[in-house]
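Source file start_16.txt; content: compact mmCIF, C-alpha atoms and all ligand atoms.
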```
# COMPACT_ATOMS: atom_id res chain seq x y z
CA ARG A 1 108.33 93.75 78.58
CA LEU A 2 108.41 93.01 82.27
CA TYR A 3 105.38 95.20 82.68
CA HIS A 4 103.15 92.81 80.81
CA PHE A 5 103.11 90.17 83.47
CA VAL A 6 99.63 88.76 83.90
CA VAL A 7 98.06 89.34 87.28
CA LEU A 8 96.66 86.01 88.40
CA LEU A 9 95.69 87.12 91.85
CA ASP A 10 92.20 86.74 93.13
CA GLY A 11 92.64 89.76 95.38
CA GLU A 12 90.10 92.53 95.43
CA GLU A 13 91.37 95.24 93.17
CA THR A 14 90.45 98.84 93.66
CA PRO A 15 90.97 101.08 90.62
CA SER A 16 93.82 103.44 91.35
CA ALA A 17 95.09 106.01 88.90
CA GLN A 18 98.37 106.10 90.75
CA ALA A 19 98.94 102.39 90.43
CA THR A 20 98.28 102.38 86.68
CA GLU A 21 101.29 104.60 86.10
CA GLY A 22 103.41 103.01 88.81
CA ALA A 23 106.67 101.25 88.11
CA ALA A 24 106.99 97.60 89.09
CA ARG A 25 108.57 97.14 92.51
CA LEU A 26 107.96 93.43 93.06
CA ARG A 27 107.20 90.59 90.74
CA ALA A 28 107.17 87.07 92.03
CA GLN A 29 105.76 83.70 91.18
CA LEU A 30 106.82 81.13 93.68
CA THR A 31 106.18 78.17 95.92
CA VAL A 32 107.50 78.51 99.47
CA MET A 33 108.56 75.45 101.44
CA THR A 34 109.84 74.40 104.84
CA PRO A 35 113.49 73.24 105.06
CA ASP A 36 112.33 69.64 104.57
CA LYS A 37 110.67 70.78 101.32
CA THR A 38 107.08 70.55 102.50
CA PRO A 39 105.13 73.18 100.54
CA LEU A 40 103.67 76.01 102.65
CA LEU A 41 102.25 78.26 99.93
CA THR A 42 102.10 77.12 96.34
CA GLY A 43 101.88 79.14 93.13
CA VAL A 44 101.76 82.56 94.73
CA THR A 45 101.86 85.32 92.12
CA LEU A 46 102.57 88.85 93.22
CA ASN A 47 102.85 91.97 91.10
CA VAL A 48 103.17 95.17 93.06
CA GLN A 49 103.78 98.64 91.69
CA ALA A 50 104.89 101.96 93.07
CA GLY A 51 102.10 103.69 94.96
CA GLU A 52 100.43 100.43 95.95
CA LEU A 53 99.87 98.86 99.34
CA LEU A 54 99.25 95.13 99.14
CA LEU A 55 97.80 93.57 102.27
CA LEU A 56 98.47 89.87 102.83
CA THR A 57 96.23 88.04 105.27
CA GLY A 58 95.69 84.49 106.47
CA PRO A 59 95.69 82.44 109.67
CA SER A 60 98.79 82.03 111.80
CA GLY A 61 101.12 79.25 110.80
CA LEU A 62 100.12 79.57 107.14
CA GLY A 63 103.51 80.75 105.92
CA LYS A 64 103.08 84.52 105.67
CA SER A 65 106.32 85.34 107.45
CA THR A 66 108.16 82.70 105.46
CA LEU A 67 106.81 84.24 102.26
CA LEU A 68 108.10 87.71 103.19
CA ARG A 69 111.42 86.22 104.30
CA THR A 70 111.68 84.55 100.90
CA LEU A 71 110.78 87.74 99.03
CA SER A 72 113.48 89.57 100.97
CA GLY A 73 116.10 87.00 100.00
CA HIS A 74 116.49 85.43 103.45
CA TRP A 75 114.88 82.02 102.84
CA PRO A 76 116.36 79.59 100.33
CA TYR A 77 113.61 76.98 100.35
CA TYR A 78 111.46 78.00 97.42
CA THR A 79 110.99 77.40 93.74
CA GLY A 80 110.02 80.00 91.17
CA SER A 81 111.12 83.55 90.59
CA VAL A 82 111.41 86.70 92.66
CA GLN A 83 112.32 90.07 91.19
CA HIS A 84 112.27 93.16 93.31
CA ASP A 85 113.70 96.61 93.49
CA THR A 86 117.29 96.66 94.70
CA HIS A 87 116.38 99.10 97.46
CA THR A 88 114.14 96.88 99.55
CA SER A 89 113.57 96.91 103.30
CA TRP A 90 112.23 93.89 105.14
CA ILE A 91 110.97 94.33 108.68
CA PRO A 92 110.64 90.86 110.20
CA GLN A 93 107.78 90.02 112.54
CA GLY A 94 108.60 90.94 116.14
CA SER A 95 111.53 93.16 115.17
CA TYR A 96 113.06 94.66 118.26
CA LEU A 97 115.33 97.60 118.83
CA PRO A 98 118.80 96.72 120.08
CA PRO A 99 120.33 99.01 122.72
CA GLY A 100 122.03 102.07 121.24
CA ARG A 101 121.66 105.70 120.30
CA LEU A 102 118.25 106.68 119.03
CA ASP A 103 119.68 108.28 115.87
CA THR A 104 121.57 105.04 115.16
CA LEU A 105 118.36 103.04 115.49
CA LEU A 106 116.53 105.45 113.22
CA ALA A 107 119.21 105.54 110.52
CA TYR A 108 119.67 101.76 110.33
CA PRO A 109 120.87 100.20 108.06
CA ARG A 110 122.65 103.44 107.20
CA SER A 111 125.04 105.22 109.53
CA ASN A 112 123.67 107.86 111.90
CA GLN A 113 125.95 110.39 110.17
CA VAL A 114 123.93 110.17 106.98
CA PHE A 115 120.94 112.14 108.23
CA SER A 116 120.70 115.62 109.71
CA VAL A 117 119.07 116.46 113.03
CA GLU A 118 116.31 118.15 111.04
CA GLN A 119 115.66 114.96 109.12
CA TYR A 120 115.45 112.91 112.31
CA ARG A 121 113.11 115.46 113.88
CA SER A 122 110.92 115.54 110.82
CA ALA A 123 110.63 111.75 110.66
CA LEU A 124 109.86 111.54 114.39
CA SER A 125 107.24 114.22 114.00
CA VAL A 126 105.50 112.37 111.17
CA VAL A 127 105.26 109.17 113.21
CA GLY A 128 104.04 110.95 116.32
CA LEU A 129 107.24 110.72 118.37
CA MET A 130 108.18 114.39 118.50
CA PRO A 131 108.97 114.20 122.26
CA LEU A 132 111.90 111.92 121.43
CA SER A 133 113.53 114.43 119.10
CA ASP A 134 115.63 115.90 121.90
CA ARG A 135 117.00 112.49 122.82
CA LEU A 136 118.66 111.47 119.55
CA GLU A 137 122.08 110.96 121.13
CA GLN A 138 120.84 109.06 124.15
CA ASP A 139 122.38 105.59 124.28
CA ILE A 140 120.03 103.33 126.22
CA ASP A 141 118.00 100.17 125.87
CA TRP A 142 115.08 101.77 124.01
CA ALA A 143 113.17 98.51 123.88
CA GLN A 144 112.92 98.64 127.66
CA GLN A 145 111.64 102.17 127.68
CA LEU A 146 109.34 102.43 124.67
CA SER A 147 105.98 100.70 124.36
CA GLY A 148 105.48 98.15 121.60
CA GLY A 149 103.55 100.70 119.59
CA GLU A 150 106.24 103.33 120.04
CA GLN A 151 108.87 100.87 118.88
CA GLN A 152 106.83 100.24 115.76
CA ARG A 153 106.65 104.00 115.22
CA VAL A 154 110.45 104.07 115.36
CA LEU A 155 110.52 101.43 112.64
CA PHE A 156 108.20 103.57 110.51
CA ALA A 157 110.48 106.58 111.04
CA ARG A 158 113.39 104.43 109.90
CA LEU A 159 111.52 103.69 106.67
CA LEU A 160 110.76 107.38 106.13
CA LEU A 161 114.45 108.20 106.46
CA ASN A 162 115.77 105.38 104.31
CA GLN A 163 113.05 105.59 101.64
CA PRO A 164 113.24 102.05 100.26
CA LYS A 165 111.42 101.43 96.99
CA LEU A 166 109.89 98.20 98.29
CA LEU A 167 108.78 97.70 101.88
CA LEU A 168 108.15 94.19 103.17
CA LEU A 169 106.40 94.67 106.50
CA ASP A 170 105.55 91.70 108.70
CA GLU A 171 102.88 92.63 111.27
CA THR A 172 104.60 95.99 111.69
CA THR A 173 101.43 97.68 112.98
CA SER A 174 100.40 94.87 115.37
CA ALA A 175 100.96 96.85 118.58
CA LEU A 176 99.16 99.97 117.35
CA ASP A 177 95.51 100.85 117.76
CA GLU A 178 93.36 101.13 114.66
CA THR A 179 93.57 104.90 114.24
CA SER A 180 97.33 104.96 114.72
CA ALA A 181 97.92 102.03 112.38
CA ARG A 182 95.83 103.61 109.65
CA THR A 183 97.45 107.01 110.11
CA LEU A 184 100.97 105.62 109.98
CA LEU A 185 100.28 103.67 106.80
CA ARG A 186 98.79 106.75 105.17
CA GLN A 187 101.81 108.81 106.19
CA LEU A 188 104.11 106.17 104.77
CA LYS A 189 102.24 106.14 101.45
CA GLN A 190 102.14 109.92 101.32
CA HIS A 191 105.85 110.36 102.02
CA LEU A 192 106.99 107.44 99.86
CA PRO A 193 104.77 107.76 96.77
CA ASP A 194 107.36 106.08 94.58
CA SER A 195 107.51 102.98 96.79
CA ALA A 196 105.37 99.86 97.11
CA ILE A 197 104.35 98.32 100.41
CA VAL A 198 103.62 94.68 101.10
CA LEU A 199 102.12 94.33 104.56
CA VAL A 200 101.28 91.11 106.36
CA SER A 201 98.63 91.81 108.98
CA HIS A 202 95.81 90.28 110.96
CA GLN A 203 94.23 93.72 111.41
CA THR A 204 91.28 93.44 109.05
CA PHE A 205 90.50 97.16 109.24
CA LEU A 206 93.69 97.77 107.26
CA ARG A 207 91.91 96.40 104.19
CA GLU A 208 90.53 99.86 103.72
CA GLU A 209 94.01 101.34 103.43
CA ALA A 210 95.16 98.83 100.83
CA GLU A 211 94.92 98.97 97.06
CA ARG A 212 94.78 95.20 97.06
CA VAL A 213 94.16 92.42 99.55
CA ILE A 214 95.21 88.81 99.12
CA ASP A 215 94.05 86.11 101.48
CA LEU A 216 96.88 83.58 101.25
CA THR A 217 94.67 80.79 102.59
CA GLY A 218 93.86 79.84 99.01
CA TYR A 219 97.53 79.10 98.32
CA ALA A 220 97.96 76.56 101.10
CA PRO A 221 98.28 72.98 99.86
CA VAL A 222 95.03 71.07 100.24
CA ALA A 223 95.20 68.75 103.26
CA GLU A 224 94.92 65.06 102.48
N1 LIG B 301 113.08 77.52 110.23
C1 LIG B 301 112.01 76.74 110.14
N2 LIG B 301 112.13 75.39 110.17
C2 LIG B 301 111.07 74.59 110.06
N3 LIG B 301 109.81 75.04 109.92
C3 LIG B 301 109.62 76.36 109.88
C4 LIG B 301 110.70 77.27 109.98
N4 LIG B 301 110.19 78.52 109.90
C5 LIG B 301 108.87 78.38 109.78
N5 LIG B 301 108.51 77.08 109.76
C6 LIG B 301 107.15 76.56 109.68
O1 LIG B 301 106.48 77.19 108.63
C7 LIG B 301 105.12 77.40 108.99
C8 LIG B 301 104.73 78.81 108.67
O2 LIG B 301 105.38 79.70 109.57
P1 LIG B 301 105.23 81.27 109.39
O3 LIG B 301 105.72 81.65 108.05
O4 LIG B 301 105.89 81.90 110.55
O5 LIG B 301 103.64 81.46 109.47
P2 LIG B 301 102.77 82.78 109.66
O6 LIG B 301 103.66 83.95 109.54
O7 LIG B 301 101.73 82.72 108.58
O8 LIG B 301 102.14 82.66 111.00
C9 LIG B 301 104.98 77.03 110.46
O9 LIG B 301 104.30 75.80 110.55
C10 LIG B 301 106.38 76.91 110.93
O10 LIG B 301 106.49 75.90 111.90
MG MG B 302 104.08 85.46 110.83
```
Now that the file is in, can you turn its structure into structure tokens?
Amino acid sequence: RLYHFVVLLDGEETPSAQATEGAARLRAQLTVMTPDKTPLLTGVTLNVQAGELLLLTGPSGLGKSTLLRTLSGHWPYYTGSVQHDTHTSWIPQGSYLPPGRLDTLLAYPRSNQVFSVEQYRSALSVVGLMPLSDRLEQDIDWAQQLSGGEQQRVLFARLLLNQPKLLLLDETTSALDETSARTLLRQLKQHLPDSAIVLVSHQTFLREEAERVIDLTGYAPVAE
């Protein structure tokens, strides 16, 4: 019965055989507010299925990060409903890598014992970080050593290892060039075909990688 939710979105929909058969990963109908209860985005309806990438766009300050924070369960100031897969990963905007072993950073939130060296190497290879595969045990401040784009590749490798069913990504490709951003998203979709991705991004070229695009501008309260 849950699968009969009406899609009210005005996003551009591309027919996708994969998505038709996909299981629901996120269903939400909500209004997101600031702590003083000022509405940021009202009446947002989202329905995302396995195999889909939903791109959310809109100007800065609109409430995109607050929306993802709400969807992930880390923002209490909203009304409405949010249902999502229990295995969900949220990567906040500007996520940074704390000092530590590389395998620990890759395995997070699981323990570094959970994955084999082969699994780490494979994930690093997919995200274009093969040179790091001999440094899994190195305990340093990786954020100091890796470029912003390389740190975002590490975050992608983390997703490949953990295989969440719903990925809430907040500007997670912002430090990558167009080709790299596109390639990483394709790799993610290819390796996690049973997952859904919700990506907030300003990078308009990513529209072409998405099954659906929603400009959240239309959900902002009308200024008086
Ligand atoms: N903890 C907070 N307390 C008060 N206002 C907040 C808080 N977090 C975000 N906001 C406000 O919500 C608005 C939307 O922020 P944000 O979701 O980060 O926008 P976006 O990601 O679209 O750039 C901003 O005006 C911001 O000041
Ligand atoms: Mg933001």
Counting all atoms listed in the file, give me one row per residue of chain A with an atom at most 6 Å from an atom of ligand LIG 301 (chain B), showing the shortest contact pair and its distance in Å to one decimal, sorted by chain then residue number, as JSON lines.
```
{"residue": "A:Thr34", "atom": "CA", "partner": "B:LIG301", "partner_atom": "N3", "distance": 5.1}
{"residue": "A:Pro35", "atom": "CA", "partner": "B:LIG301", "partner_atom": "N2", "distance": 5.7}
{"residue": "A:Ser60", "atom": "CA", "partner": "B:LIG301", "partner_atom": "O8", "distance": 3.5}
{"residue": "A:Gly61", "atom": "CA", "partner": "B:LIG301", "partner_atom": "O8", "distance": 3.6}
{"residue": "A:Leu62", "atom": "CA", "partner": "B:LIG301", "partner_atom": "O7", "distance": 3.8}
{"residue": "A:Gly63", "atom": "CA", "partner": "B:LIG301", "partner_atom": "O3", "distance": 3.2}
{"residue": "A:Lys64", "atom": "CA", "partner": "B:LIG301", "partner_atom": "O7", "distance": 3.7}
{"residue": "A:Ser65", "atom": "CA", "partner": "B:LIG301", "partner_atom": "O6", "distance": 3.7}
{"residue": "A:Thr66", "atom": "CA", "partner": "B:LIG301", "partner_atom": "O3", "distance": 3.7}
```
Output as JSON lines one row per residue of chain A within 12 Å of ligand MG 302 (chain B): the closest atom pair and its distance in Å to one decimal place, counting only C-alpha atoms and all ligand atoms, sorted by chain and residue number ascending.
```
{"residue": "A:Leu56", "atom": "CA", "partner": "B:MG302", "partner_atom": "MG", "distance": 10.7}
{"residue": "A:Thr57", "atom": "CA", "partner": "B:MG302", "partner_atom": "MG", "distance": 10.0}
{"residue": "A:Gly58", "atom": "CA", "partner": "B:MG302", "partner_atom": "MG", "distance": 9.5}
{"residue": "A:Pro59", "atom": "CA", "partner": "B:MG302", "partner_atom": "MG", "distance": 9.0}
{"residue": "A:Ser60", "atom": "CA", "partner": "B:MG302", "partner_atom": "MG", "distance": 6.4}
{"residue": "A:Gly61", "atom": "CA", "partner": "B:MG302", "partner_atom": "MG", "distance": 6.9}
{"residue": "A:Leu62", "atom": "CA", "partner": "B:MG302", "partner_atom": "MG", "distance": 8.0}
{"residue": "A:Gly63", "atom": "CA", "partner": "B:MG302", "partner_atom": "MG", "distance": 6.8}
{"residue": "A:Lys64", "atom": "CA", "partner": "B:MG302", "partner_atom": "MG", "distance": 5.3}
{"residue": "A:Ser65", "atom": "CA", "partner": "B:MG302", "partner_atom": "MG", "distance": 4.1}
{"residue": "A:Thr66", "atom": "CA", "partner": "B:MG302", "partner_atom": "MG", "distance": 7.3}
{"residue": "A:Leu67", "atom": "CA", "partner": "B:MG302", "partner_atom": "MG", "distance": 9.1}
{"residue": "A:Leu68", "atom": "CA", "partner": "B:MG302", "partner_atom": "MG", "distance": 8.9}
{"residue": "A:Arg69", "atom": "CA", "partner": "B:MG302", "partner_atom": "MG", "distance": 9.9}
{"residue": "A:Ile91", "atom": "CA", "partner": "B:MG302", "partner_atom": "MG", "distance": 11.4}
{"residue": "A:Pro92", "atom": "CA", "partner": "B:MG302", "partner_atom": "MG", "distance": 8.5}
{"residue": "A:Gln93", "atom": "CA", "partner": "B:MG302", "partner_atom": "MG", "distance": 6.1}
{"residue": "A:Gly94", "atom": "CA", "partner": "B:MG302", "partner_atom": "MG", "distance": 8.9}
{"residue": "A:Ser95", "atom": "CA", "partner": "B:MG302", "partner_atom": "MG", "distance": 11.6}
{"residue": "A:Leu169", "atom": "CA", "partner": "B:MG302", "partner_atom": "MG", "distance": 10.4}
{"residue": "A:Asp170", "atom": "CA", "partner": "B:MG302", "partner_atom": "MG", "distance": 6.8}
{"residue": "A:Glu171", "atom": "CA", "partner": "B:MG302", "partner_atom": "MG", "distance": 7.3}
{"residue": "A:Thr172", "atom": "CA", "partner": "B:MG302", "partner_atom": "MG", "distance": 10.6}
{"residue": "A:Ser174", "atom": "CA", "partner": "B:MG302", "partner_atom": "MG", "distance": 11.1}
{"residue": "A:Leu199", "atom": "CA", "partner": "B:MG302", "partner_atom": "MG", "distance": 11.0}
{"residue": "A:Val200", "atom": "CA", "partner": "B:MG302", "partner_atom": "MG", "distance": 7.7}
{"residue": "A:Ser201", "atom": "CA", "partner": "B:MG302", "partner_atom": "MG", "distance": 8.6}
{"residue": "A:His202", "atom": "CA", "partner": "B:MG302", "partner_atom": "MG", "distance": 9.6}
```
- [ ] Could you check which of A:Phe156, A:Phe115, A:Trp75, A:Trp142 is closest to Pro99 of chain A, using all atoms listed in the file?
- [x]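 Among the listed residues, A:Trp142 lies closest to Pro99 of chain A.
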Open item on the list: For a quick check of understanding, using all atoms listed in the file, which of A:Leu106, A:Leu71, A:Leu97, A:Val127 has the smallest distance to Ala181 of chain A?
Closed with: A:Val127
- [ ] For atom CA of Arg27 of chain A and atom CA of Val44 of chain A, determine how far apart the two atoms are, in Å to one decimal place.
- [x]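 Straight-line distance from atom CA of Arg27 of chain A to atom CA of Val44 of chain A works out to 10.5 Å.
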Please list, as an mmCIF file with C-alpha atoms, in the frame of the given file, the residues that have an atom at most 10 Å away from (112.6, 82.9, 95.5) in the coordinates of this file, counting only C-alpha atoms.
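Once everything was written out, this is out-v1.cif:
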```cif
data_model
loop_
_atom_site.group_PDB
_atom_site.id
_atom_site.type_symbol
_atom_site.label_atom_id
_atom_site.label_comp_id
_atom_site.auth_asym_id
_atom_site.auth_seq_id
_atom_site.Cartn_x
_atom_site.Cartn_y
_atom_site.Cartn_z
ATOM 1 C CA ALA A 28 107.170 87.070 92.030
ATOM 2 C CA GLN A 29 105.760 83.700 91.180
ATOM 3 C CA LEU A 30 106.820 81.130 93.680
ATOM 4 C CA THR A 31 106.180 78.170 95.920
ATOM 5 C CA VAL A 32 107.500 78.510 99.470
ATOM 6 C CA LEU A 67 106.810 84.240 102.260
ATOM 7 C CA ARG A 69 111.420 86.220 104.300
ATOM 8 C CA THR A 70 111.680 84.550 100.900
ATOM 9 C CA LEU A 71 110.780 87.740 99.030
ATOM 10 C CA SER A 72 113.480 89.570 100.970
ATOM 11 C CA GLY A 73 116.100 87.000 100.000
ATOM 12 C CA HIS A 74 116.490 85.430 103.450
ATOM 13 C CA TRP A 75 114.880 82.020 102.840
ATOM 14 C CA PRO A 76 116.360 79.590 100.330
ATOM 15 C CA TYR A 77 113.610 76.980 100.350
ATOM 16 C CA TYR A 78 111.460 78.000 97.420
ATOM 17 C CA THR A 79 110.990 77.400 93.740
ATOM 18 C CA GLY A 80 110.020 80.000 91.170
ATOM 19 C CA SER A 81 111.120 83.550 90.590
ATOM 20 C CA VAL A 82 111.410 86.700 92.660
ATOM 21 C CA GLN A 83 112.320 90.070 91.190
#
```
Open item on the list: Report, in Å with one decimal, the straight-line distance from atom CA of Pro39 of chain A to atom CA of Ala220 of chain A.
Closed with: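 About the pair atom CA of Pro39 of chain A and atom CA of Ala220 of chain A: they are 7.9 Å apart.
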TODO: Measuring atom to atom with all atoms listed in the file, identify which of A:Leu105, A:Ala24, A:Ile214, A:Leu188 is nearest to Gln151 of chain A.
DONE: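 Between A:Leu105, A:Ala24, A:Ile214, A:Leu188, the residue approaching Gln151 of chain A most closely is A:Leu105.
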Task: Counting only C-alpha atoms, the option among A:Ala23, A:Val114, A:Val154, A:Ala143 closest to Gly51 of chain A - done: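 Between A:Ala23, A:Val114, A:Val154, A:Ala143, the residue approaching Gly51 of chain A most closely is A:Ala23.
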Task: segment 130-141 of chain A surroundings by all atoms listed in the file, 7 Å radius, close-in-sequence under 4 positions cut, as a count of residues only - done: 10
Task: Pick from A:Pro109, A:Ser89, A:Tyr96, A:Leu184 nearest to Ala123 of chain A, counting all atoms listed in the file - done: A:Leu184
- [ ] Could you check how far atom CA of Asn112 of chain A sits from atom CA of Pro164 of chain A, in Å to one decimal?
- [x]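 Going from atom CA of Asn112 of chain A over to atom CA of Pro164 of chain A, I get 16.7 Å.
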Task: Residue nearest Pro193 of chain A among A:Gln119, A:Ser180, A:Gln163, A:Thr173 (counting all atoms listed in the file) - done: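 With all atoms listed in the file as the atom set, the closest residue is A:Gln163.
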